[in-house]
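Beneath this line is the structure, given in structure tokens, with notes to follow.
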Amino acid sequence: MATDIPVFLDLAITIGLVIASGVTLLAGYRVIRGPTTPDRVVALEAIGINVVAIAVLFALRTGRGFFIDVGLVLAIIGFVSTIAVARYVTEGDIIQ
């Protein structure tokens with residue numbers, strides 16, 4: 001825990017980390033048990049968004065800006081992979 005974070009902000013970050021982690025686990029269940037492929041794609045996108053949120057919250061908690069960069073890179077990779085999977089599901093091919 002960074003020493004210059006107020007107690008209320010530290011509590012809010014901790015609650016955010018717990019919620020984001022829980023939602024990530026629930027989305028992981030949907031990836032495994034999803035009835036259709038689009039359900040699995042949406043769950044993977046939710047996992048990607050939650051991992052970015054966890055990285056940013058961890059950066060706020062520890063005071064290390066490096067994790068903000070990690071979150072940005074993960075967001076870009078998640079966006080590109082979602083577009084690729086969506087094209088594969090709709091058209092059957094990623095590259096035309």
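Just remember, in the structure tokens the first chain shown is A, the second B, etc., residues are 1-based per chain, and ligands are 1-based in the order shown.
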
Problem set entry | All alpha helix (DSSP H) positions in chain A, as an MDAnalysis selection string | chainID A and resid 7:33 37:62 66:91

Since we have the selection now, will you write its residues out, keeping C-alpha atoms, as a PDB file, in the first residue's frame?
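Contents of selection.pdb, as written:
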```pdb
ATOM      1  CA  VAL A   7      -7.877   5.600   3.808  1.00  0.00           C
ATOM      2  CA  PHE A   8     -11.160   6.049   1.909  1.00  0.00           C
ATOM      3  CA  LEU A   9      -9.414   5.838  -1.477  1.00  0.00           C
ATOM      4  CA  ASP A  10      -7.511   2.742  -0.373  1.00  0.00           C
ATOM      5  CA  LEU A  11     -10.785   1.124   0.698  1.00  0.00           C
ATOM      6  CA  ALA A  12     -12.435   2.042  -2.618  1.00  0.00           C
ATOM      7  CA  ILE A  13      -9.503   0.584  -4.581  1.00  0.00           C
ATOM      8  CA  THR A  14      -9.635  -2.621  -2.534  1.00  0.00           C
ATOM      9  CA  ILE A  15     -13.373  -2.977  -3.113  1.00  0.00           C
ATOM     10  CA  GLY A  16     -12.850  -2.315  -6.835  1.00  0.00           C
ATOM     11  CA  LEU A  17     -10.152  -4.989  -7.008  1.00  0.00           C
ATOM     12  CA  VAL A  18     -12.391  -7.532  -5.288  1.00  0.00           C
ATOM     13  CA  ILE A  19     -15.359  -6.765  -7.540  1.00  0.00           C
ATOM     14  CA  ALA A  20     -13.276  -6.824 -10.736  1.00  0.00           C
ATOM     15  CA  SER A  21     -11.697 -10.118  -9.702  1.00  0.00           C
ATOM     16  CA  GLY A  22     -15.075 -11.667  -8.926  1.00  0.00           C
ATOM     17  CA  VAL A  23     -16.585 -10.563 -12.220  1.00  0.00           C
ATOM     18  CA  THR A  24     -13.528 -11.954 -14.023  1.00  0.00           C
ATOM     19  CA  LEU A  25     -14.098 -15.336 -12.405  1.00  0.00           C
ATOM     20  CA  LEU A  26     -17.773 -15.285 -13.364  1.00  0.00           C
ATOM     21  CA  ALA A  27     -16.881 -14.384 -16.950  1.00  0.00           C
ATOM     22  CA  GLY A  28     -14.373 -17.247 -16.960  1.00  0.00           C
ATOM     23  CA  TYR A  29     -17.213 -19.583 -16.089  1.00  0.00           C
ATOM     24  CA  ARG A  30     -19.207 -18.192 -19.022  1.00  0.00           C
ATOM     25  CA  VAL A  31     -16.239 -18.779 -21.345  1.00  0.00           C
ATOM     26  CA  ILE A  32     -16.091 -22.421 -20.305  1.00  0.00           C
ATOM     27  CA  ARG A  33     -19.830 -23.151 -20.115  1.00  0.00           C
ATOM     28  CA  THR A  37     -19.761 -18.879 -29.438  1.00  0.00           C
ATOM     29  CA  PRO A  38     -20.915 -15.233 -29.217  1.00  0.00           C
ATOM     30  CA  ASP A  39     -21.476 -15.726 -25.465  1.00  0.00           C
ATOM     31  CA  ARG A  40     -17.901 -16.904 -25.127  1.00  0.00           C
ATOM     32  CA  VAL A  41     -16.584 -13.956 -27.169  1.00  0.00           C
ATOM     33  CA  VAL A  42     -18.449 -11.454 -24.989  1.00  0.00           C
ATOM     34  CA  ALA A  43     -17.167 -13.165 -21.847  1.00  0.00           C
ATOM     35  CA  LEU A  44     -13.586 -13.010 -23.137  1.00  0.00           C
ATOM     36  CA  GLU A  45     -14.021  -9.312 -23.842  1.00  0.00           C
ATOM     37  CA  ALA A  46     -15.345  -8.826 -20.301  1.00  0.00           C
ATOM     38  CA  ILE A  47     -12.290 -10.635 -18.940  1.00  0.00           C
ATOM     39  CA  GLY A  48     -10.024  -8.352 -20.962  1.00  0.00           C
ATOM     40  CA  ILE A  49     -11.766  -5.234 -19.680  1.00  0.00           C
ATOM     41  CA  ASN A  50     -11.583  -6.470 -16.089  1.00  0.00           C
ATOM     42  CA  VAL A  51      -7.887  -7.288 -16.374  1.00  0.00           C
ATOM     43  CA  VAL A  52      -7.276  -3.730 -17.575  1.00  0.00           C
ATOM     44  CA  ALA A  53      -9.291  -2.426 -14.613  1.00  0.00           C
ATOM     45  CA  ILE A  54      -7.289  -4.603 -12.224  1.00  0.00           C
ATOM     46  CA  ALA A  55      -4.006  -3.328 -13.681  1.00  0.00           C
ATOM     47  CA  VAL A  56      -5.085   0.305 -13.314  1.00  0.00           C
ATOM     48  CA  LEU A  57      -6.385  -0.189  -9.780  1.00  0.00           C
ATOM     49  CA  PHE A  58      -3.161  -1.961  -8.846  1.00  0.00           C
ATOM     50  CA  ALA A  59      -1.203   0.975 -10.301  1.00  0.00           C
ATOM     51  CA  LEU A  60      -3.224   3.379  -8.164  1.00  0.00           C
ATOM     52  CA  ARG A  61      -2.707   1.291  -5.070  1.00  0.00           C
ATOM     53  CA  THR A  62       1.051   0.794  -5.444  1.00  0.00           C
ATOM     54  CA  PHE A  66       4.147   1.081 -15.214  1.00  0.00           C
ATOM     55  CA  PHE A  67       0.883  -0.781 -14.706  1.00  0.00           C
ATOM     56  CA  ILE A  68      -1.020   2.003 -16.488  1.00  0.00           C
ATOM     57  CA  ASP A  69       1.083   1.251 -19.570  1.00  0.00           C
ATOM     58  CA  VAL A  70       0.380  -2.455 -19.112  1.00  0.00           C
ATOM     59  CA  GLY A  71      -3.340  -1.693 -18.953  1.00  0.00           C
ATOM     60  CA  LEU A  72      -3.206   0.352 -22.160  1.00  0.00           C
ATOM     61  CA  VAL A  73      -1.370  -2.393 -24.030  1.00  0.00           C
ATOM     62  CA  LEU A  74      -3.836  -5.004 -22.763  1.00  0.00           C
ATOM     63  CA  ALA A  75      -6.756  -2.828 -23.882  1.00  0.00           C
ATOM     64  CA  ILE A  76      -5.328  -2.495 -27.382  1.00  0.00           C
ATOM     65  CA  ILE A  77      -4.628  -6.224 -27.652  1.00  0.00           C
ATOM     66  CA  GLY A  78      -8.107  -7.022 -26.352  1.00  0.00           C
ATOM     67  CA  PHE A  79      -9.739  -4.721 -28.893  1.00  0.00           C
ATOM     68  CA  VAL A  80      -7.817  -6.169 -31.833  1.00  0.00           C
ATOM     69  CA  SER A  81      -8.465  -9.757 -30.735  1.00  0.00           C
ATOM     70  CA  THR A  82     -12.184  -9.068 -30.292  1.00  0.00           C
ATOM     71  CA  ILE A  83     -12.398  -7.650 -33.810  1.00  0.00           C
ATOM     72  CA  ALA A  84     -10.533 -10.686 -35.171  1.00  0.00           C
ATOM     73  CA  VAL A  85     -12.792 -13.176 -33.387  1.00  0.00           C
ATOM     74  CA  ALA A  86     -15.932 -11.278 -34.414  1.00  0.00           C
ATOM     75  CA  ARG A  87     -14.839 -11.361 -38.063  1.00  0.00           C
ATOM     76  CA  TYR A  88     -14.084 -15.050 -37.789  1.00  0.00           C
ATOM     77  CA  VAL A  89     -17.472 -15.801 -36.265  1.00  0.00           C
ATOM     78  CA  THR A  90     -19.436 -13.726 -38.794  1.00  0.00           C
ATOM     79  CA  GLU A  91     -17.453 -14.362 -41.995  1.00  0.00           C
TER      80      GLU A  91
END
```
